[in-house]
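Trainee: Here it is, the structure in full.
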Amino acid sequence: MANVSVAAEWQLLYDRYYRKPEIYQMRWKHVDLSRNKVACASFGGPIAVIRDDSKIVQLYAESALRKLRIFNSAGILLSETVWKHPGGRLIGMSWSDDQTLICIVQDGTIYRYNIHAELIEPNMSMGKECFEQNVVECVFWGNGVVCLTEGGQLICIFDFKTMKPSKLPDVPGLAEDDLLQPICLTVREPKYTMSGIAEVLVAVGDDIFVVEEDMVQTIRFDEPKVDDSEMQNDDSGNLIGVVQKMIVSPNGKFLTLFTHDGRIVVVDMETKQIAIDYSCESALPPQQMAWCGMDSVLLYWDEDLMMVGPVGDPVHYFYDEPVILIPECDGVRILSNTSLEFLQRVPDSTESIFKIGSTSPAALLYDALDHFDRRSAKADENLRLIRSSLSEAVESCIDAAGHEFDVTRQRALLRAASYGQAFCSNFQRERVQETCRTLRVLNAVRDPAIGIPLSIQQYKLLTPMVLISRLINAHCHLLALRISEYLDMNKEVVIMHWACAKITASPSTPDSHLLEILLDKLQLCKGISYAAVATHADNCGRRKLAAMLVEHEPRSTEQVPLLLSIGEEDTALVKATESGDTDLVYLVIFHIWQKRPPLEFFAMIQGRVLARDLFVAYARCHKHEFLKDFFLSTGQIHEVAFLLWKESWDMGKNPMASKGSPLHGPRIKLIEKARNLFSQTKENTFESKAAEEHAKLLKIQHELEASTKQAIFVDSSINDTIRTCIVLGNNRAAIKVKTEFKVSDKRWYWLKAFALATIKDWAALEKFSKEKRPPMGFRPFVEACIDADEKAEALKYIPKLSDLVERGEAYARIGMAKEAADCAAQANDGGELLERFRKTFVQNAIFDTLKMPFQGAS
C-alpha cells in the first residue's frame with residue numbers, strides 16, 4: 001500500500017487535502033519579521049527587508065543606520081545598502097514583475113532598486129497631490145500601484161514602465177476631514193477587467209466602490225440563493241456591513257471581505273452573489289489575508305493562521321513567531337523567522353497515490369514497485385489488477401513526481417512510472433523524460449544557494465526563458481548557461497550578460513588579460529554580438545578594451561557605428577570600405593567630416609578609393625566649395641576648373657545672371673578662373689582654349705544683348721549668334737563674330753544663306769550669291785530656298801549646280817520630274833539615280849520611256 005507517513009502530514013478542509021512542506025530553513029541571522037517591513041517577490045523571488053521606522057524597536061547590537069537588505073528565498077544575503085533617502089517614512093515596498101524593488105515614501109517619491117540593491121536613476125514622484133498631502137497607504141499589484149493620501153485622493157500608476165501617475169476620480173465620503181469609518185483598498189488587475197485597466201476597489205464604511213480611470217461605481221452583493229445547512233453562519237442573509245479588509249482572488253473573479261462583526265465573506269464579482277459567509281472567532285481584522293490557490297482563503301492573526309474553505313470547518317495552523325503570507329498561483333508561501341513553507345492543495349495525482357487506504361491504479365503501481373524491490377510476487381499481482389488502467393497509473397505517478405519538492409520522493413515516483421511503463425506499450429515514453437528534464441531544472445534552482453523554490457505549475461507559468469533571465473540578473477550565470485544548454489535554448493543572452501557583468505566587476509584587470517577571458521567564453525556561441533559587449537566596455541570607460549573586442553565583430557553594420565562611437569574613425573573607415581556597403585561608408589564619411597579639420601579629413605579619404613569617390617559624388621551635388629578645397633589639397637587643379645565651369649553654367653540658369661556689366665559679369669569671371677587653372681597643366685590645353693573662347697563669346701553676346709536690348713544671345717552657339725545677327729540685320733556684328741572666331745567661308749555661306757531665307761530676303765540672298773563664287777557652290781542657296789518652300793527662288797540656283805546628281809535631286813525635291821529625269825539620264829552613275837527617281841515618281845510615265853535604253857545599256 002501507499003506510504004502512510006506522507007498522508008499523515010496533510011490537513012483536511014472539508015473534502016480537500018492540504019499540505020505544508022518546509023522548503024528551507026532560513027539562513028539569515030537576527031532577522032525578526034515583526035520589526036521590519038518585508039517585500040517578497042512572487043515565483044520564488046527575492047525578499048527585501050528594512051527596519052520598520054513606524055515602530056519603536058530595540059536595536060540590540062545592530063547599527064542605528066537603516067539598511068535595505070535583499071535575501072533569496074532561503075535567507076542568503078544577496079546585497080544590501082544603507083537607506084538614507086529623504087521624503088519621510090517608508091509607506092510601501094513591493095517587487096514589480098521584472099523584479100525591480102519599488103519603494104514609496106511619505107511625500108510620494110519613488111525609489112527603485114535592482115536585485116543587487118543598486119539604486120535605479122532617476123527617482124520618480126507620485127505627483128503634486130502626494131507631495132502636498134502625504135501618502136498614507138499603498139496597494140501594489142504586478143506592475144502598478146495605487147496610493148491613498150491624507151486628503152482622500154487616489155493616485156495611481158498603471159504601469160511602472162511608463163511611471164506616469166494618474167489622479168483617479170473622487171470617492172464619495174473619502175475626502176471628508178472628519179472621516180472616522182474604516183477604509184480599505186484592493187486592486188483588480190488589468191488582465192481580469194473588461195476595460196483592460198486596473199480597477200481600484202475602495203471600501204468606505206458600508207459602501208464598496210469600483211474606481212476606474214474616469215468613473216466611480218457602487219457595487220452591491222446579493223444574499224445566497226440556496227440555504228446550505230452546512231454553512232456555519234446562521235445569519236448569512238444579513239447585509240455585509242462595514243468592511244475592514246478585502247482582497248481579490250488570483251483569477252480576479254472573487255472578492256474576499258472581512259467585516260466589522262468578524263465575518264469572512266467571499267462574493268462573486270460577476271454575479272454579485274455570496275459564495276462563502278463564515279463567522280470567525282475574532283472581530284479584530286486579520287493582519288494578513290491571502291488566497292491559497294482558488295480553493296481557500298488564509299487569515300493570519302498573531303500566532304494563528306486560519307484556512308477557510310467554501311464548506312466545512314476551517315483549518316488552524318499555529319506559529320510562535322510572526323509570518324508573512326506570499327500568494328502564488330497554486331498556493332501560498334509562508335515565511336517566518338526560521339523557515340519557509342509552502343501551503344498548497346494536495347494535487348489529485350498525489351492524493352490518489354498517498355491517501356491512506358487508497359486503492360487507485362496509481363497507488364497499486366507505486367506499491368507494486370515496493371514489492372518488486374523486495375522481490376515479492378505481490379508486484380505481479382498488483383500489475384494484473386491494474387492492467388486495464390496502467391497508462392492512467394503511469395501518468396499519475398509522473399504528474400505526482402512533478403509536484404514533489406522532496407528529491408527522494410520524486411525519484412521513487414518516477415521509478416514507479418518507469419516500472420509501469422515497461423508493461424504499457426501504448427504510453428508515450430517521452431513523458432518521463434520531459435518530467436525528468438523539468439525536475440532537474442527545478443531542483444537546481446531550488447538549491448538554497450540559488451533559492452528559487454518554484455513549483456512545477458509556477459515554472460510552466462513563468463516559462464524557462466524568464467527563469468534564465470532572472471538567474472542572469474542574479475548573476476547566476478553558470479547555472480543559467482547549464483540550463484540553457486540542457487534545454488537546448490539560445491546561450492547568447494547568458495554569455496553576453498556574463499561578459500558585461502565581468503567587465504563591470506573587473507576594473508583593475510588589464511585589458512589584454514580580460515580580453516582573453518572574455519573571448520574564451522564568447523567563442524562558445526556562434527553569431528554572438530561582440531559589438532554589444534564592446535559597447536558596454538566603452539560605457540564602463542574601457543575604450544581600449546572596447547576597440548579590441550569590436551575587432552572580433554563579423555557584422556560590419558554593428559562594428560562600424562561602435563568604432564565611430566569610441567573614436568576609432570580610421571579603423572571604422574577601413575572596415576566600412578572593406579565591407580563595400582555604401583551606406584556604412586557614407587556614415588563614416590559624414591561622422592569624420594563633422595569631427596576632423598578639413599585637411600585631416602581630406603588626407604583620410606584620399607587613400608580610400610571607394611570613400612573618396614563617394615565623397616566626390618556627394619559633394620558635386622551639394623558641397624561645391626568644400627569639394628574645391630579637396631581638389632586643391634590633392635593637387636587636382638583641373639577638377640577645380642571643371643567645377644568652376646559647371647558653376648558658370650548653373651549660374652546661367654538664373655535669369656538675373658545676364659544682368660549687370662557685360663565685361664565683368666560673375667559668369668565670365670568664373671570661366672576666366674577656370675581658364676587660368678586649365679592653363680597651369682599641359683594635359684588641359686584644349687580645355688583652356690575652350691574656356692577662353694567661351695568667355696570671349698559670352699562677352700560678345702552680352703554686348704549684343706546690351707545693344708539690341710534683346711536677351712536672345714547669351715548661351716547660344718557661335719552659329720546661332722551669327723544667324724541671329726543676320727536675321728536682325730546686323731551684318732557688321734555677324735562679320736565680327738565670324739572674324740573673332742575664325743569661322744570658315746563654307747560655314748559662313750551656309751549660315752548667311754539660311755538666315756536670309758529665314759527672313760525671306762530673297763533679293764539680299766541673290767545679291768549675296770553674286771558677290772563672288774561661293775566656296776561650296778550654290779548648294780547652300782538651293783537648300784535654304786527649298787527649306788523655306790520657295791520653289792521659284794530655288795529654280796534660280798538649281799541650274800547653277802555643277803553636280804548632275806545634286807541638280808537632279810534638287811529638281812526631284814521640288815517635284816520637277818522631267819528635269820530630274822534629264823539630269824539622271826546624263827549622270828554617269830550606272831542608272832542608280834534614275835532607279836531612285838522611278839521609285840519616287842511611280843506614276844510618272846516619263847521614267848518608263850527612259851527605262852529600255854538603260855536596260856539595253858546595262
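Residues in the C-alpha cells are named by chain (A, B, ... in the order shown) and by number from 1 within that chain; ligands are numbered from 1 in the order shown.
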So which residues touch Gly75 in chain A within 7 Å, counting only C-alpha atoms, skipping near sequence neighbours fewer than 6 positions away, as a PyMOL selection string?

Mentor: chain A and resi 26-28

Trainee: Once you have the residues from the selection above, write them out as a PDB file, in the first residue's frame, restricted to N, CA, C and O atoms.

Mentor:
ATOM      1  N   MET A  26      15.647  29.008   7.114  1.00  0.00           N
ATOM      2  CA  MET A  26      16.193  30.302   6.715  1.00  0.00           C
ATOM      3  C   MET A  26      17.631  30.457   7.203  1.00  0.00           C
ATOM      4  O   MET A  26      17.937  30.184   8.368  1.00  0.00           O
ATOM      5  N   ARG A  27      18.482  30.894   6.297  1.00  0.00           N
ATOM      6  CA  ARG A  27      19.913  31.012   6.593  1.00  0.00           C
ATOM      7  C   ARG A  27      20.284  32.356   7.208  1.00  0.00           C
ATOM      8  O   ARG A  27      21.441  32.557   7.590  1.00  0.00           O
ATOM      9  N   TRP A  28      19.332  33.283   7.256  1.00  0.00           N
ATOM     10  CA  TRP A  28      19.703  34.585   7.805  1.00  0.00           C
ATOM     11  C   TRP A  28      19.820  34.521   9.326  1.00  0.00           C
ATOM     12  O   TRP A  28      19.347  33.591   9.980  1.00  0.00           O
TER      13      TRP A  28
END

Trainee: For Thr100 in chain A, list every protein, DNA or RNA residue within 8 Å, evaluated using only C-alpha atoms, and leave out those in the same chain fewer than 2 positions away; present the list as a list in words.

Mentor: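 Those residues are Trp95, Ser96, Asp97, Asp98, Ile102, Arg112, Tyr113, Asn114 and Ile115 of chain A.
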
Trainee: Of the candidates A:Gln458, A:Gln559, A:Ser94, A:Thr708, which shows the shortest atom-to-atom distance to Ala546 in chain A, using only C-alpha atoms?

Mentor: A:Gln559

Trainee: Can you pull out the residues contacting Thr193 in chain A? Cut-off 10 Å, using only C-alpha atoms, and skip same-chain residues under 5 positions away; I want them as a VMD selection string.

Mentor: chain A and resid 188 198 to 199 252 to 253

Trainee: Kindly save the residues from that selection, with C-alpha atoms included, as a tab-separated table (two decimals), in the first residue's frame.

Mentor:
chain	number	residue	atom	x	y	z
A	188	ARG	CA	-8.38	44.03	-9.52
A	198	ALA	CA	-6.80	48.15	-13.27
A	199	GLU	CA	-9.89	48.67	-11.08
A	252	GLY	CA	-9.97	38.24	-10.42
A	253	LYS	CA	-13.43	36.61	-10.12

Trainee: Report as a ChimeraX atom specification all protein, DNA and RNA residues lying within 10 Å of range 162-171 of chain A, evaluated on only C-alpha atoms, omitting residues in the same chain fewer than 4 positions from it.

Mentor: /A:110,124-129,144-147,152-158,175,200,202-204,208-218

Trainee: For the residues in the current selection, export N, CA, C and O atoms as a compact mmCIF listing (two decimals), in the first residue's frame.

Mentor:
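And here is the file that came out, part26.txt:
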# COMPACT_ATOMS: atom_id res chain seq x y z
N ILE A 110 9.34 57.95 -5.39
CA ILE A 110 9.51 56.52 -5.67
C ILE A 110 11.00 56.25 -5.88
O ILE A 110 11.63 56.84 -6.75
N MET A 124 11.46 58.87 -9.18
CA MET A 124 10.20 59.36 -9.72
C MET A 124 9.32 59.89 -8.59
O MET A 124 9.65 59.76 -7.41
N SER A 125 8.19 60.47 -8.96
CA SER A 125 7.27 61.02 -7.97
C SER A 125 5.84 60.63 -8.31
O SER A 125 5.48 60.50 -9.49
N MET A 126 5.03 60.45 -7.28
CA MET A 126 3.61 60.15 -7.48
C MET A 126 2.80 61.40 -7.83
O MET A 126 1.61 61.29 -8.11
N GLY A 127 3.41 62.55 -7.81
CA GLY A 127 2.71 63.75 -8.22
C GLY A 127 2.57 64.79 -7.12
O GLY A 127 2.94 64.58 -5.96
N LYS A 128 2.04 65.92 -7.51
CA LYS A 128 1.92 67.07 -6.60
C LYS A 128 1.01 66.77 -5.43
O LYS A 128 1.28 67.18 -4.28
N GLU A 129 -0.11 66.06 -5.67
CA GLU A 129 -1.07 65.79 -4.60
C GLU A 129 -0.42 64.98 -3.48
O GLU A 129 -0.62 65.27 -2.29
N GLY A 144 1.97 47.80 -11.05
CA GLY A 144 1.39 49.11 -10.77
C GLY A 144 1.14 49.31 -9.29
O GLY A 144 1.36 48.41 -8.47
N VAL A 145 0.67 50.50 -8.95
CA VAL A 145 0.41 50.83 -7.55
C VAL A 145 -0.66 51.91 -7.48
O VAL A 145 -0.77 52.74 -8.39
N VAL A 146 -1.45 51.88 -6.40
CA VAL A 146 -2.39 52.96 -6.11
C VAL A 146 -2.09 53.46 -4.70
O VAL A 146 -1.85 52.67 -3.78
N CYS A 147 -2.06 54.78 -4.54
CA CYS A 147 -1.73 55.40 -3.25
C CYS A 147 -2.91 56.22 -2.76
O CYS A 147 -3.59 56.90 -3.54
N GLY A 152 -7.58 62.00 1.12
CA GLY A 152 -8.56 61.10 0.50
C GLY A 152 -8.43 61.00 -1.01
O GLY A 152 -9.35 60.50 -1.67
N GLN A 153 -7.32 61.47 -1.59
CA GLN A 153 -7.12 61.37 -3.03
C GLN A 153 -6.50 60.02 -3.38
O GLN A 153 -5.64 59.51 -2.64
N LEU A 154 -6.92 59.47 -4.50
CA LEU A 154 -6.34 58.23 -5.01
C LEU A 154 -5.46 58.56 -6.22
O LEU A 154 -5.94 59.10 -7.21
N ILE A 155 -4.17 58.24 -6.11
CA ILE A 155 -3.21 58.47 -7.20
C ILE A 155 -2.69 57.11 -7.64
O ILE A 155 -2.27 56.30 -6.80
N CYS A 156 -2.73 56.86 -8.93
CA CYS A 156 -2.41 55.52 -9.45
C CYS A 156 -1.34 55.59 -10.54
O CYS A 156 -1.33 56.51 -11.36
N ILE A 157 -0.44 54.64 -10.51
CA ILE A 157 0.47 54.37 -11.63
C ILE A 157 0.07 53.02 -12.19
O ILE A 157 0.19 51.99 -11.52
N PHE A 158 -0.43 53.02 -13.42
CA PHE A 158 -0.95 51.79 -14.01
C PHE A 158 0.16 50.90 -14.57
O PHE A 158 -0.05 49.71 -14.75
N ALA A 175 -13.07 61.92 1.12
CA ALA A 175 -12.27 63.14 1.28
C ALA A 175 -12.73 64.00 2.44
O ALA A 175 -12.30 65.13 2.58
N VAL A 200 -9.67 49.85 -8.98
CA VAL A 200 -9.38 50.01 -7.56
C VAL A 200 -10.68 49.84 -6.79
O VAL A 200 -11.66 50.56 -7.04
N VAL A 202 -12.56 50.23 -3.33
CA VAL A 202 -12.44 51.03 -2.11
C VAL A 202 -13.65 50.77 -1.24
O VAL A 202 -14.80 50.94 -1.69
N ALA A 203 -13.41 50.34 -0.01
CA ALA A 203 -14.49 50.14 0.96
C ALA A 203 -14.47 51.30 1.94
O ALA A 203 -13.48 51.51 2.64
N VAL A 204 -15.58 52.05 1.98
CA VAL A 204 -15.72 53.18 2.90
C VAL A 204 -16.98 52.93 3.72
O VAL A 204 -18.10 53.09 3.23
N ILE A 208 -19.01 49.88 -0.98
CA ILE A 208 -17.84 49.43 -1.74
C ILE A 208 -17.92 50.04 -3.12
O ILE A 208 -18.94 49.91 -3.81
N PHE A 209 -16.87 50.74 -3.51
CA PHE A 209 -16.83 51.45 -4.78
C PHE A 209 -15.79 50.80 -5.70
O PHE A 209 -14.73 50.36 -5.24
N VAL A 210 -16.13 50.78 -6.97
CA VAL A 210 -15.16 50.39 -8.00
C VAL A 210 -14.71 51.66 -8.71
O VAL A 210 -15.51 52.33 -9.37
N VAL A 211 -13.43 51.99 -8.58
CA VAL A 211 -12.89 53.23 -9.14
C VAL A 211 -12.05 52.87 -10.36
O VAL A 211 -11.07 52.14 -10.26
N GLU A 212 -12.47 53.41 -11.51
CA GLU A 212 -11.71 53.25 -12.74
C GLU A 212 -11.06 54.57 -13.10
O GLU A 212 -11.17 55.55 -12.35
N GLU A 213 -10.45 54.62 -14.24
CA GLU A 213 -9.68 55.81 -14.62
C GLU A 213 -10.54 57.05 -14.74
O GLU A 213 -10.10 58.16 -14.45
N ASP A 214 -11.81 56.88 -15.13
CA ASP A 214 -12.66 58.04 -15.37
C ASP A 214 -14.06 57.92 -14.77
O ASP A 214 -14.95 58.67 -15.12
N MET A 215 -14.27 56.95 -13.85
CA MET A 215 -15.61 56.78 -13.29
C MET A 215 -15.54 56.05 -11.96
O MET A 215 -14.57 55.36 -11.65
N VAL A 216 -16.62 56.23 -11.18
CA VAL A 216 -16.76 55.57 -9.88
C VAL A 216 -18.12 54.90 -9.85
O VAL A 216 -19.14 55.54 -10.19
N GLN A 217 -18.16 53.61 -9.46
CA GLN A 217 -19.42 52.88 -9.37
C GLN A 217 -19.54 52.24 -7.99
O GLN A 217 -18.53 51.82 -7.40
N THR A 218 -20.76 52.15 -7.51
CA THR A 218 -21.04 51.44 -6.25
C THR A 218 -21.49 50.03 -6.59
O THR A 218 -22.28 49.82 -7.52

Trainee: Which residues, written as a compact mmCIF listing (two decimals) with all heavy atoms, in the first residue's frame, have at least one atom at most 7 Å from Ser349 in chain A, with only C-alpha atoms counted and residues fewer than 4 positions away on the same chain left out?

Mentor:
# COMPACT_ATOMS: atom_id res chain seq x y z
N ILE A 353 -2.30 8.53 -4.89
CA ILE A 353 -1.23 7.58 -4.58
C ILE A 353 -1.03 7.41 -3.09
O ILE A 353 -0.94 6.29 -2.57
CB ILE A 353 0.08 8.03 -5.25
CG1 ILE A 353 -0.07 8.03 -6.77
CG2 ILE A 353 1.24 7.13 -4.84
CD1 ILE A 353 1.10 8.65 -7.51
N SER A 396 -0.32 9.29 -13.60
CA SER A 396 -0.49 9.84 -12.25
C SER A 396 0.83 9.87 -11.50
O SER A 396 1.13 10.85 -10.79
CB SER A 396 -1.52 9.03 -11.48
OG SER A 396 -2.80 9.14 -12.06
N CYS A 397 1.64 8.83 -11.65
CA CYS A 397 2.95 8.82 -10.97
C CYS A 397 3.85 9.91 -11.52
O CYS A 397 4.58 10.58 -10.76
CB CYS A 397 3.60 7.45 -11.14
SG CYS A 397 2.83 6.14 -10.15
N ASP A 399 2.87 12.73 -12.95
CA ASP A 399 2.34 14.03 -12.51
C ASP A 399 2.66 14.28 -11.04
O ASP A 399 3.04 15.39 -10.66
CB ASP A 399 0.83 14.06 -12.76
CG ASP A 399 0.23 15.42 -12.46
OD1 ASP A 399 0.50 16.37 -13.22
OD2 ASP A 399 -0.50 15.55 -11.45
N ALA A 400 2.52 13.27 -10.19
CA ALA A 400 2.81 13.42 -8.77
C ALA A 400 4.29 13.72 -8.54
O ALA A 400 4.64 14.54 -7.67
CB ALA A 400 2.39 12.16 -8.02

Trainee: Within 10 Å of range 766-782 of chain A, counting only C-alpha atoms, which residues qualify if same-chain residues fewer than 2 places away don't, as an NGL selection string?

Mentor: :A and (744-754 or 756-757 or 761-764 or 784-788 or 790-791 or 793-803 or 806-807 or 810)

Trainee: When you count only C-alpha atoms, which of these residues is closest to Ala41 in chain A: A:Leu454, A:Leu12, A:Ala449, A:Ile472?

Mentor: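 Checking each candidate against Ala41 in chain A, we get A:Leu454 as the closest.
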
Trainee: May I ask for the distance between CA of Ala39 in chain A and CA of Leu325 in chain A, given in Å to one decimal place?

Mentor: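 Pair CA of Ala39 in chain A / CA of Leu325 in chain A returns 10.4 Å.
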
Trainee: Quote the spacing between CA of His30 in chain A and CA of Ile120 in chain A in Å to one decimal place.

Mentor: 28.3 Å

Trainee: Please, which residues of range 363-496 of chain A, numbered as in this document, come out alpha helix (DSSP H) from DSSP, as an MDAnalysis selection string?

Mentor: chainID A and resid 363:373 378:385 390:402 407:421 430:446 456:462 464:473 477:486 492:496

Trainee: Would you list the contacts of Glu341 in chain A as a PyMOL selection string, taking every protein, DNA or RNA residue within 10 Å and counting only C-alpha atoms, but skipping same-chain residues closer than 3 positions in sequence?

Mentor: chain A and resi 19-25+325+332-336+344+453

Trainee: Please produce a file of the residues just selected, as a PDB file, in the first residue's frame, where the atoms kept are N, CA and C atoms.

Mentor:
ATOM      1  N   ARG A  19      -1.323  20.356   2.174  1.00  0.00           N
ATOM      2  CA  ARG A  19      -0.031  20.025   2.762  1.00  0.00           C
ATOM      3  C   ARG A  19       0.809  21.287   2.889  1.00  0.00           C
ATOM      4  N   LYS A  20       1.747  21.234   3.835  1.00  0.00           N
ATOM      5  CA  LYS A  20       2.559  22.421   4.125  1.00  0.00           C
ATOM      6  C   LYS A  20       4.006  21.979   4.380  1.00  0.00           C
ATOM      7  N   PRO A  21       4.679  21.534   3.301  1.00  0.00           N
ATOM      8  CA  PRO A  21       6.066  21.087   3.497  1.00  0.00           C
ATOM      9  C   PRO A  21       6.997  22.274   3.736  1.00  0.00           C
ATOM     10  N   GLU A  22       8.030  22.008   4.499  1.00  0.00           N
ATOM     11  CA  GLU A  22       9.063  23.027   4.714  1.00  0.00           C
ATOM     12  C   GLU A  22      10.019  23.005   3.531  1.00  0.00           C
ATOM     13  N   ILE A  23      10.207  24.169   2.930  1.00  0.00           N
ATOM     14  CA  ILE A  23      11.096  24.273   1.769  1.00  0.00           C
ATOM     15  C   ILE A  23      12.520  24.583   2.211  1.00  0.00           C
ATOM     16  N   TYR A  24      12.680  25.562   3.101  1.00  0.00           N
ATOM     17  CA  TYR A  24      14.013  25.959   3.559  1.00  0.00           C
ATOM     18  C   TYR A  24      14.003  26.231   5.063  1.00  0.00           C
ATOM     19  N   GLN A  25      15.122  25.961   5.684  1.00  0.00           N
ATOM     20  CA  GLN A  25      15.452  26.577   6.965  1.00  0.00           C
ATOM     21  C   GLN A  25      16.171  27.878   6.631  1.00  0.00           C
ATOM     22  N   LEU A 325       2.661  36.024   4.551  1.00  0.00           N
ATOM     23  CA  LEU A 325       1.996  35.216   3.537  1.00  0.00           C
ATOM     24  C   LEU A 325       2.361  35.745   2.152  1.00  0.00           C
ATOM     25  N   VAL A 332       0.386  29.214  -1.254  1.00  0.00           N
ATOM     26  CA  VAL A 332       0.908  30.356  -0.504  1.00  0.00           C
ATOM     27  C   VAL A 332       2.215  29.940   0.152  1.00  0.00           C
ATOM     28  N   ARG A 333       3.252  30.755  -0.057  1.00  0.00           N
ATOM     29  CA  ARG A 333       4.487  30.561   0.697  1.00  0.00           C
ATOM     30  C   ARG A 333       4.341  31.247   2.047  1.00  0.00           C
ATOM     31  N   ILE A 334       4.760  30.571   3.105  1.00  0.00           N
ATOM     32  CA  ILE A 334       4.649  31.106   4.467  1.00  0.00           C
ATOM     33  C   ILE A 334       6.066  31.328   4.987  1.00  0.00           C
ATOM     34  N   LEU A 335       6.421  32.588   5.139  1.00  0.00           N
ATOM     35  CA  LEU A 335       7.761  32.967   5.566  1.00  0.00           C
ATOM     36  C   LEU A 335       7.746  33.323   7.037  1.00  0.00           C
ATOM     37  N   SER A 336       8.608  32.700   7.802  1.00  0.00           N
ATOM     38  CA  SER A 336       8.766  33.040   9.219  1.00  0.00           C
ATOM     39  C   SER A 336      10.220  33.396   9.478  1.00  0.00           C
ATOM     40  N   GLN A 344      -0.219  24.322   0.030  1.00  0.00           N
ATOM     41  CA  GLN A 344      -0.926  24.134  -1.219  1.00  0.00           C
ATOM     42  C   GLN A 344      -1.918  22.988  -1.088  1.00  0.00           C
ATOM     43  N   PRO A 453      12.398  28.658  -5.029  1.00  0.00           N
ATOM     44  CA  PRO A 453      11.597  27.448  -4.787  1.00  0.00           C
ATOM     45  C   PRO A 453      10.351  27.385  -5.674  1.00  0.00           C
TER      46      PRO A 453
END

Trainee: If I take CA of Arg543 in chain A and CA of Leu519 in chain A, how far is one from the other in Å, to one decimal?

Mentor: 16.6 Å
